[in-house]
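Peer 1: Got entry07.cif for you, mmCIF, C-alpha atoms:
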```cif
data_work
loop_
_atom_site.group_PDB
_atom_site.id
_atom_site.type_symbol
_atom_site.label_atom_id
_atom_site.label_comp_id
_atom_site.auth_asym_id
_atom_site.auth_seq_id
_atom_site.Cartn_x
_atom_site.Cartn_y
_atom_site.Cartn_z
ATOM 1 C CA MET A 259 1.316 93.815 94.652
ATOM 2 C CA LYS A 260 2.264 97.375 93.639
ATOM 3 C CA ASN A 261 0.467 96.998 90.291
ATOM 4 C CA TRP A 262 -2.544 95.493 92.028
ATOM 5 C CA GLU A 263 -2.669 98.344 94.547
ATOM 6 C CA LEU A 264 -2.492 100.960 91.767
ATOM 7 C CA SER A 265 -5.314 99.236 89.886
ATOM 8 C CA ARG A 266 -7.411 99.097 93.053
ATOM 9 C CA LEU A 267 -6.904 102.790 93.769
ATOM 10 C CA GLN A 268 -7.834 103.703 90.201
ATOM 11 C CA ARG A 269 -11.117 101.822 90.588
ATOM 12 C CA LEU A 270 -11.843 103.537 93.898
ATOM 13 C CA GLY A 271 -11.095 106.893 92.285
ATOM 14 C CA ASN A 272 -13.616 106.302 89.515
ATOM 15 C CA ALA A 273 -16.928 107.487 90.944
ATOM 16 C CA ALA A 274 -18.805 106.027 87.970
ATOM 17 C CA THR A 275 -17.654 102.483 88.720
ATOM 18 C CA VAL A 276 -20.513 100.102 89.497
ATOM 19 C CA GLN A 277 -19.083 97.288 91.579
ATOM 20 C CA GLN A 278 -19.900 93.752 90.556
ATOM 21 C CA GLU A 279 -19.057 90.644 92.537
ATOM 22 C CA VAL A 280 -15.477 90.938 91.303
ATOM 23 C CA GLU A 281 -13.610 93.236 88.958
ATOM 24 C CA ASP A 282 -12.929 92.121 85.386
ATOM 25 C CA PHE A 283 -10.447 89.256 85.164
ATOM 26 C CA ILE A 284 -8.864 86.734 82.836
ATOM 27 C CA THR A 285 -7.908 83.248 83.953
ATOM 28 C CA ILE A 286 -5.397 81.213 81.980
ATOM 29 C CA SER A 287 -5.167 77.464 82.354
ATOM 30 C CA ARG A 288 -2.810 75.399 80.250
ATOM 31 C CA GLN A 289 -1.832 71.854 79.536
ATOM 32 C CA VAL A 290 1.297 70.586 81.254
ATOM 33 C CA GLY A 291 4.429 71.543 79.350
ATOM 34 C CA ILE A 292 3.142 74.876 78.059
ATOM 35 C CA ALA A 293 5.172 77.838 79.291
ATOM 36 C CA SER A 294 2.560 80.585 79.596
ATOM 37 C CA GLU A 295 4.441 83.118 81.728
ATOM 38 C CA ASP A 296 5.663 85.355 78.888
ATOM 39 C CA LEU A 297 2.269 85.334 77.192
ATOM 40 C CA ALA A 298 0.484 86.198 80.442
ATOM 41 C CA GLN A 299 2.916 88.997 81.246
ATOM 42 C CA SER A 300 2.567 90.483 77.751
ATOM 43 C CA LEU A 301 -1.212 90.312 78.047
ATOM 44 C CA GLY A 302 -1.033 91.979 81.460
ATOM 45 C CA SER A 303 1.185 94.757 80.080
ATOM 46 C CA GLN A 304 -1.255 95.497 77.272
ATOM 47 C CA LEU A 305 -4.209 95.633 79.664
ATOM 48 C CA GLY A 306 -2.329 97.318 82.514
ATOM 49 C CA TRP A 307 -3.346 94.495 84.851
ATOM 50 C CA PRO A 308 -1.193 92.609 87.374
ATOM 51 C CA VAL A 309 -0.488 88.949 86.640
ATOM 52 C CA PHE A 310 -0.657 86.315 89.381
ATOM 53 C CA GLY A 311 0.900 83.007 88.370
ATOM 54 C CA ARG A 312 0.959 79.737 90.262
ATOM 55 C CA GLY A 313 4.230 80.408 92.078
ATOM 56 C CA LEU A 314 3.179 83.877 93.162
ATOM 57 C CA LEU A 315 -0.263 82.750 94.314
ATOM 58 C CA GLU A 316 1.263 79.928 96.338
ATOM 59 C CA ALA A 317 3.732 82.339 97.940
ATOM 60 C CA MET A 318 0.964 84.813 98.772
ATOM 61 C CA ALA A 319 -1.268 82.062 100.153
ATOM 62 C CA GLY A 320 1.554 81.118 102.505
ATOM 63 C CA ASP A 321 2.355 84.684 103.595
ATOM 64 C CA ASP A 322 0.111 85.795 106.444
ATOM 65 C CA ASP A 323 1.278 89.414 106.217
ATOM 66 C CA VAL A 324 0.394 89.710 102.529
ATOM 67 C CA ARG A 325 -3.039 88.138 103.003
ATOM 68 C CA ARG A 326 -3.671 90.380 106.020
ATOM 69 C CA ARG A 327 -2.750 93.447 103.946
ATOM 70 C CA ILE A 328 -5.230 92.472 101.228
ATOM 71 C CA TYR A 329 -7.899 91.621 103.804
ATOM 72 C CA HIS A 330 -7.588 94.959 105.584
ATOM 73 C CA SER A 331 -8.033 96.827 102.293
ATOM 74 C CA MET A 332 -11.621 95.521 102.011
ATOM 75 C CA ASP A 333 -14.661 97.300 103.394
ATOM 76 C CA GLU A 334 -17.710 95.749 105.064
ATOM 77 C CA ARG A 335 -19.515 95.071 101.791
ATOM 78 C CA ASP A 336 -16.403 93.379 100.382
ATOM 79 C CA LEU A 337 -16.064 91.199 103.455
ATOM 80 C CA ARG A 338 -19.692 90.054 103.395
ATOM 81 C CA TRP A 339 -19.346 89.033 99.747
ATOM 82 C CA TRP A 340 -15.985 87.367 100.409
ATOM 83 C CA GLU A 341 -17.369 85.269 103.246
ATOM 84 C CA GLU A 342 -20.304 84.062 101.137
ATOM 85 C CA ALA A 343 -18.088 83.326 98.122
ATOM 86 C CA LEU A 344 -15.581 81.401 100.187
ATOM 87 C CA ARG A 345 -18.307 79.418 101.919
ATOM 88 C CA SER A 346 -19.770 78.392 98.558
ATOM 89 C CA LEU A 347 -16.412 76.999 97.442
ATOM 90 C CA VAL A 348 -15.854 74.713 100.372
ATOM 91 C CA GLU A 349 -18.076 71.653 100.728
ATOM 92 C CA ARG A 350 -16.230 70.159 103.670
ATOM 93 C CA ASP A 351 -14.888 71.270 107.033
ATOM 94 C CA PHE A 352 -11.404 72.679 106.833
ATOM 95 C CA ASP A 353 -8.862 74.297 109.071
ATOM 96 C CA VAL A 354 -8.192 78.013 108.585
ATOM 97 C CA ASN A 355 -4.599 77.133 107.739
ATOM 98 C CA ASP A 356 -5.617 74.667 105.036
ATOM 99 C CA TYR A 357 -3.782 75.502 101.787
ATOM 100 C CA PHE A 358 -6.923 75.577 99.643
ATOM 101 C CA HIS A 359 -8.655 77.904 102.098
ATOM 102 C CA ARG A 360 -5.680 80.287 102.059
ATOM 103 C CA LEU A 361 -5.394 80.131 98.270
ATOM 104 C CA SER A 362 -9.110 80.841 97.806
ATOM 105 C CA HIS A 363 -8.891 83.684 100.327
ATOM 106 C CA THR A 364 -6.093 85.248 98.283
ATOM 107 C CA VAL A 365 -7.681 84.873 94.837
ATOM 108 C CA LEU A 366 -11.137 86.098 95.859
ATOM 109 C CA SER A 367 -9.716 89.067 97.745
ATOM 110 C CA LEU A 368 -7.514 90.136 94.828
ATOM 111 C CA ALA A 369 -10.292 89.801 92.256
ATOM 112 C CA ARG A 370 -12.819 91.626 94.424
ATOM 113 C CA GLN A 371 -10.790 94.821 94.374
ATOM 114 C CA SER A 372 -8.875 94.976 91.093
ATOM 115 C CA SER A 373 -8.792 93.594 87.569
ATOM 116 C CA CYS A 374 -6.257 90.748 87.393
ATOM 117 C CA ILE A 375 -4.901 87.932 85.284
ATOM 118 C CA PHE A 376 -4.689 84.597 87.103
ATOM 119 C CA VAL A 377 -2.633 81.690 85.781
ATOM 120 C CA GLY A 378 -3.368 78.133 86.936
ATOM 121 C CA ARG A 379 -4.412 76.790 90.359
ATOM 122 C CA GLY A 380 -8.058 76.346 89.321
ATOM 123 C CA CYS A 381 -8.761 80.077 89.607
ATOM 124 C CA ASP A 382 -11.376 79.844 86.854
ATOM 125 C CA LEU A 383 -13.400 77.611 89.176
ATOM 126 C CA MET A 384 -13.100 79.935 92.176
ATOM 127 C CA LEU A 385 -14.409 83.062 90.453
ATOM 128 C CA PRO A 386 -18.022 83.861 89.389
ATOM 129 C CA ARG A 387 -18.878 81.887 86.269
ATOM 130 C CA THR A 388 -20.839 84.733 84.656
ATOM 131 C CA LEU A 389 -17.931 87.188 84.820
ATOM 132 C CA GLY A 390 -14.428 87.424 83.373
ATOM 133 C CA LEU A 391 -12.848 85.464 80.540
ATOM 134 C CA ARG A 392 -11.514 81.940 80.906
ATOM 135 C CA VAL A 393 -8.749 80.934 78.504
ATOM 136 C CA ARG A 394 -7.300 77.467 77.930
ATOM 137 C CA LEU A 395 -3.920 77.038 76.206
ATOM 138 C CA VAL A 396 -3.267 73.718 74.465
ATOM 139 C CA ALA A 397 -0.527 72.207 72.286
ATOM 140 C CA PRO A 398 0.372 68.764 70.872
ATOM 141 C CA LEU A 399 1.724 66.233 73.371
ATOM 142 C CA GLN A 400 5.129 65.809 71.727
ATOM 143 C CA GLN A 401 5.658 69.559 71.624
ATOM 144 C CA ARG A 402 4.862 69.805 75.325
ATOM 145 C CA ILE A 403 7.213 66.942 76.205
ATOM 146 C CA GLU A 404 10.041 68.621 74.285
ATOM 147 C CA SER A 405 9.357 71.957 75.989
ATOM 148 C CA LEU A 406 9.341 70.347 79.442
ATOM 149 C CA ALA A 407 12.554 68.441 78.653
ATOM 150 C CA GLU A 408 14.281 71.655 77.630
ATOM 151 C CA ASN A 409 13.053 73.680 80.591
ATOM 152 C CA LEU A 410 13.952 71.012 83.178
ATOM 153 C CA GLY A 411 17.049 69.639 81.491
ATOM 154 C CA LEU A 412 15.571 66.153 81.148
ATOM 155 C CA GLY A 413 15.692 63.442 78.526
ATOM 156 C CA ALA A 414 12.539 62.704 76.542
ATOM 157 C CA ALA A 415 11.541 59.654 78.611
ATOM 158 C CA ALA A 416 12.065 61.459 81.929
ATOM 159 C CA ALA A 417 10.166 64.501 80.633
ATOM 160 C CA ARG A 418 7.204 62.318 79.670
ATOM 161 C CA ARG A 419 7.167 60.748 83.150
ATOM 162 C CA GLU A 420 7.322 64.201 84.756
ATOM 163 C CA LEU A 421 4.508 65.429 82.524
ATOM 164 C CA ASN A 422 2.365 62.454 83.544
ATOM 165 C CA ARG A 423 3.130 63.073 87.222
ATOM 166 C CA ILE A 424 2.168 66.746 87.048
ATOM 167 C CA GLU A 425 -1.001 65.919 85.126
ATOM 168 C CA SER A 426 -1.947 63.415 87.810
ATOM 169 C CA ASP A 427 -1.321 65.960 90.595
ATOM 170 C CA ARG A 428 -3.415 68.590 88.820
ATOM 171 C CA ALA A 429 -6.251 66.152 88.222
ATOM 172 C CA GLU A 430 -6.278 65.185 91.898
ATOM 173 C CA PHE A 431 -6.275 68.843 93.033
ATOM 174 C CA LEU A 432 -9.175 69.814 90.745
ATOM 175 C CA ASN A 433 -11.232 66.729 91.489
ATOM 176 C CA HIS A 434 -10.724 66.992 95.249
ATOM 177 C CA HIS A 435 -11.566 70.673 95.597
ATOM 178 C CA PHE A 436 -13.952 71.340 92.704
ATOM 179 C CA ARG A 437 -15.164 67.942 91.460
ATOM 180 C CA ALA A 438 -13.872 69.142 88.091
ATOM 181 C CA GLN A 439 -11.821 67.581 85.310
ATOM 182 C CA ALA A 440 -8.612 69.241 84.103
ATOM 183 C CA GLU A 441 -9.388 68.545 80.440
ATOM 184 C CA ASP A 442 -13.075 69.503 80.521
ATOM 185 C CA PRO A 443 -13.383 71.812 77.476
ATOM 186 C CA THR A 444 -16.524 73.496 78.801
ATOM 187 C CA ARG A 445 -14.532 75.227 81.533
ATOM 188 C CA ALA A 446 -13.021 77.630 78.991
ATOM 189 C CA ASP A 447 -14.616 80.496 77.084
ATOM 190 C CA LEU A 448 -11.741 80.373 74.609
ATOM 191 C CA THR A 449 -9.293 77.566 73.784
ATOM 192 C CA VAL A 450 -6.123 78.555 71.906
ATOM 193 C CA ASN A 451 -3.914 75.977 70.187
ATOM 194 C CA LEU A 452 -0.378 77.364 70.423
ATOM 195 C CA ASP A 453 0.709 75.018 67.662
ATOM 196 C CA ARG A 454 -1.421 77.115 65.314
ATOM 197 C CA TRP A 455 -1.021 80.590 66.797
ATOM 198 C CA GLU A 456 2.107 82.556 67.644
ATOM 199 C CA PRO A 457 2.087 84.152 71.126
ATOM 200 C CA GLN A 458 1.224 87.665 69.915
ATOM 201 C CA ALA A 459 -1.570 86.332 67.718
ATOM 202 C CA ALA A 460 -2.856 84.357 70.711
ATOM 203 C CA ILE A 461 -2.874 87.553 72.781
ATOM 204 C CA GLU A 462 -4.850 89.339 70.083
ATOM 205 C CA LEU A 463 -7.379 86.496 70.062
ATOM 206 C CA ILE A 464 -7.749 86.743 73.828
ATOM 207 C CA LEU A 465 -8.219 90.520 73.710
ATOM 208 C CA ALA A 466 -10.785 90.211 70.923
ATOM 209 C CA ALA A 467 -12.706 87.555 72.866
ATOM 210 C CA ARG A 468 -12.660 89.717 75.986
ATOM 211 C CA ALA A 469 -13.991 92.714 74.032
ATOM 212 C CA MET A 470 -16.791 90.618 72.515
ATOM 213 C CA ARG A 471 -17.805 89.210 75.895
ATOM 214 C CA SER A 472 -17.762 92.658 77.488
ATOM 215 C CA GLU A 473 -19.935 94.045 74.676
ATOM 216 C CA ALA A 474 -22.400 91.170 74.974
ATOM 217 C CA ARG A 475 -22.691 91.645 78.742
ATOM 218 C CA ALA A 476 -23.248 95.382 78.319
ATOM 219 C CA LEU A 477 -26.251 94.640 76.104
ATOM 220 C CA GLN A 478 -27.835 92.303 78.630
ATOM 221 C CA PRO A 479 -30.832 93.779 80.502
#
```
How does the structure come out when it is put into structure tokens?
Peer 2:
Amino acid sequence: MKNWELSRLQRLGNAATVQQEVEDFITISRQVGIASEDLAQSLGSQLGWPVFGRGLLEAMAGDDDVRRRIYHSMDERDLRWWEEALRSLVERDFDVNDYFHRLSHTVLSLARQSSCIFVGRGCDLMLPRTLGLRVRLVAPLQQRIESLAENLGLGAAAARRELNRIESDRAEFLNHHFRAQAEDPTRADLTVNLDRWEPQAAIELILAARAMRSEARALQP
């Protein structure tokens, strides 16, 4: 939150800033069993952007005080955009305490006011499709099973069952809220196979892709 607040204040202090729907962002989605936290944090350090992973987003979505603090930092123009963006995400009636509503509230509010990196939770589907960079991290199945087994202290068979369970939960979440498929390759602007690229090389690929997309958008009329 401190890093996000600093980034927001820097944007407000830049009189030349032309506000778009949201500030620049990178979303990172990954196949189950890929530990992306270190990569995301290193990428955030190089860009000077805060990183919001699944656990942090879930905690913020459940913390009324944090969401109220973000909400109160927005002006009238921000709030009008936020209401329209949130309405476009939700195709059904929902209670204001619904988890997806609170999660969307948090992600849209953060991205509206500061450049961020978001990891997981379908954030790529919440944010404007024409902006930001969407990254997908993939790796071979056996490698992901071994990684999950090591991280959770499980045997290979139990790790495979856990991987299948998490994949099923993710698929249900994405299909229910976005009518999207977890393994749809067209969701990503860049897919990185971590079996072929070391973490630092993957970061350099992501930064290069972001620079190319930013340059292409700057040339658009």
Peer 1: Evaluate the PyMOL selection byres ((chain A and resi 376) around 7) on the structure here and hand back the selected residues as a list in words.
Peer 2: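 When the PyMOL selection byres ((chain A and resi 376) around 7) is applied, the selected residues are Ile284, Thr285, Ile286, Val309, Phe310, Gly311, Cys374, Ile375, Val377, Gly378 and Cys381 of chain A.
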Peer 1: Counting all atoms listed in the file, what is within 10 Å of Leu305 (chain A), bar same-chain residues fewer than 2 positions away, as a PyMOL selection string?
Peer 2: chain A and resi 299-303+307-308+373-375+465
Peer 1: Please provide the set of residues having any atom within 8 Å of Arg445 (chain A), restricted to only C-alpha atoms, with same-chain residues fewer than 2 positions apart removed, written as a ChimeraX atom specification.
Peer 2: /A:382,392,442-443,447
Peer 1: Could you list, as a PDB file with C-alpha atoms, in the coordinates of the input, every residue within 10 Å of region 473-478 of chain A, counting all atoms listed in the file and ignoring same-chain residues fewer than 4 positions away?
Peer 2:
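The resulting file, around-v7.pdb, is reproduced below:
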```
ATOM      1  CA  THR A 388     -20.839  84.733  84.656  1.00  0.00           C
ATOM      2  CA  LEU A 389     -17.931  87.188  84.820  1.00  0.00           C
ATOM      3  CA  ALA A 467     -12.706  87.555  72.866  1.00  0.00           C
ATOM      4  CA  ARG A 468     -12.660  89.717  75.986  1.00  0.00           C
ATOM      5  CA  ALA A 469     -13.991  92.714  74.032  1.00  0.00           C
TER       6      ALA A 469
END
```
Peer 1: If you measure from CA of Met318 (chain A) to CA of Gly390 (chain A), what distance in Å do you get, rounded to one decimal?
Peer 2: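 CA of Gly390 (chain A) lies 21.9 Å from CA of Met318 (chain A).
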